[in-house]
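Q: Got my_file.pdb for you, PDB, C-alpha atoms, pLDDT in the B column:
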```
ATOM      1  CA  MET A 211       0.000   0.000   0.000  1.00 66.00           C
ATOM      2  CA  LYS A 212       1.339   3.421  -0.975  1.00 66.00           C
ATOM      3  CA  ARG A 213       1.604   5.928   1.868  1.00 71.00           C
ATOM      4  CA  GLU A 214       0.232   9.413   1.298  1.00 78.00           C
ATOM      5  CA  VAL A 215       2.894  12.127   1.554  1.00 84.00           C
ATOM      6  CA  LYS A 216       1.711  15.175   3.495  1.00 92.00           C
ATOM      7  CA  LYS A 217       1.829  18.408   1.494  1.00 96.00           C
ATOM      8  CA  ALA A 218       1.442  21.993   2.647  1.00 97.00           C
ATOM      9  CA  VAL A 219       1.159  25.178   0.618  1.00 97.00           C
ATOM     10  CA  ALA A 220       1.132  28.700   2.045  1.00 96.00           C
ATOM     11  CA  LEU A 221      -0.673  31.384   0.069  1.00 95.00           C
ATOM     12  CA  LYS A 222      -0.370  35.151   0.264  1.00 94.00           C
ATOM     13  CA  TYR A 223      -2.658  37.763  -1.266  1.00 92.00           C
ATOM     14  CA  PRO A 224      -1.134  41.220  -0.857  1.00 91.00           C
ATOM     15  CA  GLU A 225      -3.376  44.218  -1.288  1.00 91.00           C
ATOM     16  CA  GLY A 226      -3.360  45.347  -4.895  1.00 93.00           C
ATOM     17  CA  ALA A 227      -2.177  41.992  -6.281  1.00 92.00           C
ATOM     18  CA  SER A 228      -4.123  40.572  -9.215  1.00 91.00           C
ATOM     19  CA  ALA A 229      -4.195  37.083  -7.644  1.00 92.00           C
ATOM     20  CA  PRO A 230      -2.856  35.241  -4.599  1.00 94.00           C
ATOM     21  CA  PHE A 231       0.581  33.712  -4.950  1.00 96.00           C
ATOM     22  CA  ILE A 232       2.367  30.698  -3.542  1.00 97.00           C
ATOM     23  CA  ALA A 233       4.483  31.886  -0.610  1.00 97.00           C
ATOM     24  CA  ALA A 234       5.821  28.469   0.458  1.00 97.00           C
ATOM     25  CA  SER A 235       5.392  24.820  -0.385  1.00 97.00           C
ATOM     26  CA  ALA A 236       6.701  21.637   1.230  1.00 97.00           C
ATOM     27  CA  LYS A 237       6.219  17.882   1.408  1.00 96.00           C
ATOM     28  CA  GLY A 238       6.670  15.301   4.137  1.00 95.00           C
ATOM     29  CA  PHE A 239       8.511  16.379   7.292  1.00 96.00           C
ATOM     30  CA  LEU A 240       8.830  20.003   6.155  1.00 97.00           C
ATOM     31  CA  ALA A 241       5.106  20.161   5.388  1.00 96.00           C
ATOM     32  CA  GLN A 242       4.387  18.942   8.916  1.00 96.00           C
ATOM     33  CA  LYS A 243       6.721  21.624  10.299  1.00 97.00           C
ATOM     34  CA  MET A 244       4.948  24.298   8.220  1.00 97.00           C
ATOM     35  CA  LEU A 245       1.631  23.212   9.730  1.00 96.00           C
ATOM     36  CA  GLU A 246       3.057  23.225  13.268  1.00 97.00           C
ATOM     37  CA  VAL A 247       4.463  26.743  12.868  1.00 97.00           C
ATOM     38  CA  ALA A 248       1.185  27.960  11.361  1.00 95.00           C
ATOM     39  CA  ALA A 249      -0.739  26.512  14.313  1.00 95.00           C
ATOM     40  CA  GLU A 250       1.675  28.094  16.818  1.00 97.00           C
ATOM     41  CA  LYS A 251       1.339  31.483  15.109  1.00 93.00           C
ATOM     42  CA  LYS A 252      -2.471  31.089  14.852  1.00 88.00           C
ATOM     43  CA  ILE A 253      -2.325  31.233  11.069  1.00 90.00           C
ATOM     44  CA  PRO A 254      -5.551  29.760   9.655  1.00 89.00           C
ATOM     45  CA  ILE A 255      -5.161  26.259   8.203  1.00 92.00           C
ATOM     46  CA  THR A 256      -7.552  24.484   5.865  1.00 91.00           C
ATOM     47  CA  GLU A 257      -7.283  21.033   4.327  1.00 92.00           C
ATOM     48  CA  ASP A 258      -7.894  20.359   0.655  1.00 93.00           C
ATOM     49  CA  ALA A 259      -5.703  17.482  -0.503  1.00 92.00           C
ATOM     50  CA  ALA A 260      -6.516  17.878  -4.204  1.00 93.00           C
ATOM     51  CA  LEU A 261      -5.771  21.620  -4.161  1.00 95.00           C
ATOM     52  CA  ALA A 262      -2.555  21.059  -2.174  1.00 95.00           C
ATOM     53  CA  ASP A 263      -1.483  18.407  -4.704  1.00 94.00           C
ATOM     54  CA  PHE A 264      -2.081  20.811  -7.583  1.00 95.00           C
ATOM     55  CA  LEU A 265      -0.521  23.892  -5.980  1.00 96.00           C
ATOM     56  CA  SER A 266       2.490  22.026  -4.577  1.00 94.00           C
ATOM     57  CA  VAL A 267       3.903  21.498  -8.073  1.00 94.00           C
ATOM     58  CA  GLN A 268       3.682  25.215  -8.941  1.00 95.00           C
ATOM     59  CA  GLU A 269       6.637  27.557  -8.494  1.00 96.00           C
ATOM     60  CA  ILE A 270       7.008  29.480  -5.240  1.00 96.00           C
ATOM     61  CA  GLY A 271       6.323  33.155  -5.955  1.00 96.00           C
ATOM     62  CA  GLN A 272       4.025  32.297  -8.872  1.00 95.00           C
ATOM     63  CA  ALA A 273       0.424  33.517  -8.940  1.00 96.00           C
ATOM     64  CA  ILE A 274      -2.008  30.665  -8.426  1.00 96.00           C
ATOM     65  CA  PRO A 275      -3.415  29.238 -11.668  1.00 95.00           C
ATOM     66  CA  GLU A 276      -6.764  30.679 -12.745  1.00 94.00           C
ATOM     67  CA  GLU A 277      -8.442  27.268 -12.523  1.00 95.00           C
ATOM     68  CA  THR A 278      -7.870  27.317  -8.739  1.00 95.00           C
ATOM     69  CA  TRP A 279      -9.353  30.771  -8.101  1.00 94.00           C
ATOM     70  CA  GLU A 280     -12.764  29.524  -6.971  1.00 94.00           C
ATOM     71  CA  ALA A 281     -11.321  26.998  -4.484  1.00 94.00           C
ATOM     72  CA  VAL A 282      -8.814  29.547  -3.180  1.00 94.00           C
ATOM     73  CA  ALA A 283     -11.537  32.211  -2.842  1.00 92.00           C
ATOM     74  CA  LYS A 284     -13.347  29.841  -0.461  1.00 92.00           C
ATOM     75  CA  ILE A 285     -10.150  29.499   1.569  1.00 90.00           C
ATOM     76  CA  PHE A 286      -9.707  33.266   1.816  1.00 89.00           C
ATOM     77  CA  ALA A 287     -13.374  33.580   2.873  1.00 92.00           C
ATOM     78  CA  PHE A 288     -12.610  31.078   5.648  1.00 88.00           C
ATOM     79  CA  VAL A 289      -9.568  33.140   6.659  1.00 86.00           C
ATOM     80  CA  VAL A 290     -11.650  36.327   6.903  1.00 88.00           C
ATOM     81  CA  GLN A 291     -14.198  34.508   9.096  1.00 88.00           C
ATOM     82  CA  PHE A 292     -11.422  33.030  11.237  1.00 83.00           C
ATOM     83  CA  GLU A 293      -9.779  36.404  11.771  1.00 84.00           C
ATOM     84  CA  ALA A 294     -13.119  38.041  12.646  1.00 88.00           C
ATOM     85  CA  LYS A 295     -13.781  35.288  15.156  1.00 85.00           C
ATOM     86  CA  GLU A 296     -10.290  35.695  16.675  1.00 80.00           C
ATOM     87  CA  ARG A 297     -10.793  39.452  17.063  1.00 82.00           C
ATOM     88  CA  GLY A 298     -14.149  38.875  18.745  1.00 80.00           C
ATOM     89  CA  ALA A 299     -12.750  36.274  21.162  1.00 60.00           C
TER      90      ALA A 299
END
```
If you convert what's in this file into structure tokens, what do you get?
A:
Amino acid sequence: MKREVKKAVALKYPEGASAPFIAASAKGFLAQKMLEVAAEKKIPITEDAALADFLSVQEIGQAIPEETWEAVAKIFAFVVQFEAKERGA
């Protein structure tokens, strides 16, 4: 049986940018470390294995492909809700 390799992709969407871009990407142990640091820093984390698979093969610093915009928009909506909840807590 083939073991699934954990993947993590960090996205950034600076004000004024035309699309979010890939800020970091890792697999295996480094992906786990990315997730641990994000949790420690209270950076919102979502799981979407198919999207992570697709984005993890893109170049760091590259804008996300247009075909991922809808899925990524849902993630950024989650982030906005998460941050609003954190401010209200």
Q: Measuring atom to atom with all atoms listed in the file, identify which of A:Lys295, A:Lys222, A:Lys237, A:Arg213 is nearest to A:Ala283.
A: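 Between A:Lys295, A:Lys222, A:Lys237, A:Arg213, the residue approaching A:Ala283 most closely is A:Lys222.
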Q: Counting all atoms listed in the file, which of A:Ile274, A:Ala287, A:Met244, A:Ala281 gets nearest to A:Ala218?
A: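 So, comparing all the options, the nearest one is A:Met244.
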Q: Find the residues around A:Gln272 up to 12 Å (all atoms listed in the file counted), leave out those fewer than 2 positions away in its own chain, and share them as a PyMOL selection string.
A: chain A and resi 220-223+227-235+265-270+274-276
Q: Determine, counting all atoms listed in the file, which protein, DNA and RNA residues have an atom within 12 Å of an atom of A:Glu214; residues of the same chain fewer than 6 positions away are not included. Present the result as a PyMOL selection string.
A: chain A and resi 237-238+259+263
Q: For the structure shown, which residues end up in the PyMOL selection byres ((chain A and resi 248-258) around 9)? Put them as a list of chain:residue names, please?
A: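 So the PyMOL selection byres ((chain A and resi 248-258) around 9), applied here, picks out A:Ala218, A:Lys243, A:Met244, A:Leu245, A:Glu246, A:Val247, A:Ala259, A:Ala260, A:Leu261, A:Ala262, A:Asp263, A:Ile285, A:Phe288, A:Val289, A:Phe292, A:Glu293.
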Q: In Å, rounded to a single decimal, give me how far atom CA of A:Phe239 is from atom CA of A:Val215.
A: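 Answer for the atom CA of A:Val215 to atom CA of A:Phe239 separation: 9.1 Å.
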Q: By how many Å are atom CA of A:Val219 and atom CA of A:Leu240 apart?
A: 10.8 Å
Q: When you draw a straight line from atom CA of A:Gly226 to atom CA of A:Phe264, how long is it in Å?
A: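 Going from atom CA of A:Gly226 over to atom CA of A:Phe264, I get 24.7 Å.
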Q: From the coordinates I just gave you, please extract stretch 282-293 of chain A so that only N, CA, C and O atoms remain, then output it as an mmCIF file, in the first residue's frame.
A:
```cif
data_model
loop_
_atom_site.group_PDB
_atom_site.id
_atom_site.type_symbol
_atom_site.label_atom_id
_atom_site.label_comp_id
_atom_site.auth_asym_id
_atom_site.auth_seq_id
_atom_site.Cartn_x
_atom_site.Cartn_y
_atom_site.Cartn_z
ATOM 1 N N VAL A 282 -9.626 28.673 -4.036
ATOM 2 C CA VAL A 282 -8.814 29.547 -3.180
ATOM 3 C C VAL A 282 -9.673 30.677 -2.608
ATOM 4 O O VAL A 282 -9.481 31.081 -1.454
ATOM 5 N N ALA A 283 -10.639 31.164 -3.355
ATOM 6 C CA ALA A 283 -11.537 32.211 -2.842
ATOM 7 C C ALA A 283 -12.281 31.697 -1.608
ATOM 8 O O ALA A 283 -12.472 32.436 -0.633
ATOM 9 N N LYS A 284 -12.677 30.432 -1.622
ATOM 10 C CA LYS A 284 -13.347 29.841 -0.461
ATOM 11 C C LYS A 284 -12.403 29.793 0.737
ATOM 12 O O LYS A 284 -12.822 30.015 1.879
ATOM 13 N N ILE A 285 -11.137 29.530 0.482
ATOM 14 C CA ILE A 285 -10.150 29.499 1.569
ATOM 15 C C ILE A 285 -9.982 30.891 2.157
ATOM 16 O O ILE A 285 -9.973 31.061 3.378
ATOM 17 N N PHE A 286 -9.868 31.904 1.312
ATOM 18 C CA PHE A 286 -9.707 33.266 1.816
ATOM 19 C C PHE A 286 -10.972 33.734 2.544
ATOM 20 O O PHE A 286 -10.878 34.478 3.520
ATOM 21 N N ALA A 287 -12.141 33.264 2.142
ATOM 22 C CA ALA A 287 -13.374 33.580 2.873
ATOM 23 C C ALA A 287 -13.310 32.955 4.267
ATOM 24 O O ALA A 287 -13.681 33.586 5.264
ATOM 25 N N PHE A 288 -12.803 31.733 4.355
ATOM 26 C CA PHE A 288 -12.610 31.078 5.648
ATOM 27 C C PHE A 288 -11.641 31.888 6.505
ATOM 28 O O PHE A 288 -11.882 32.080 7.703
ATOM 29 N N VAL A 289 -10.561 32.362 5.918
ATOM 30 C CA VAL A 289 -9.568 33.140 6.659
ATOM 31 C C VAL A 289 -10.198 34.411 7.225
ATOM 32 O O VAL A 289 -9.972 34.760 8.394
ATOM 33 N N VAL A 290 -10.993 35.100 6.437
ATOM 34 C CA VAL A 290 -11.650 36.327 6.903
ATOM 35 C C VAL A 290 -12.565 36.000 8.088
ATOM 36 O O VAL A 290 -12.559 36.722 9.096
ATOM 37 N N GLN A 291 -13.324 34.920 7.994
ATOM 38 C CA GLN A 291 -14.198 34.508 9.096
ATOM 39 C C GLN A 291 -13.382 34.146 10.331
ATOM 40 O O GLN A 291 -13.731 34.515 11.456
ATOM 41 N N PHE A 292 -12.298 33.431 10.138
ATOM 42 C CA PHE A 292 -11.422 33.030 11.237
ATOM 43 C C PHE A 292 -10.859 34.246 11.952
ATOM 44 O O PHE A 292 -10.885 34.334 13.178
ATOM 45 N N GLU A 293 -10.360 35.200 11.175
ATOM 46 C CA GLU A 293 -9.779 36.404 11.771
ATOM 47 C C GLU A 293 -10.838 37.232 12.509
ATOM 48 O O GLU A 293 -10.559 37.785 13.576
#
```
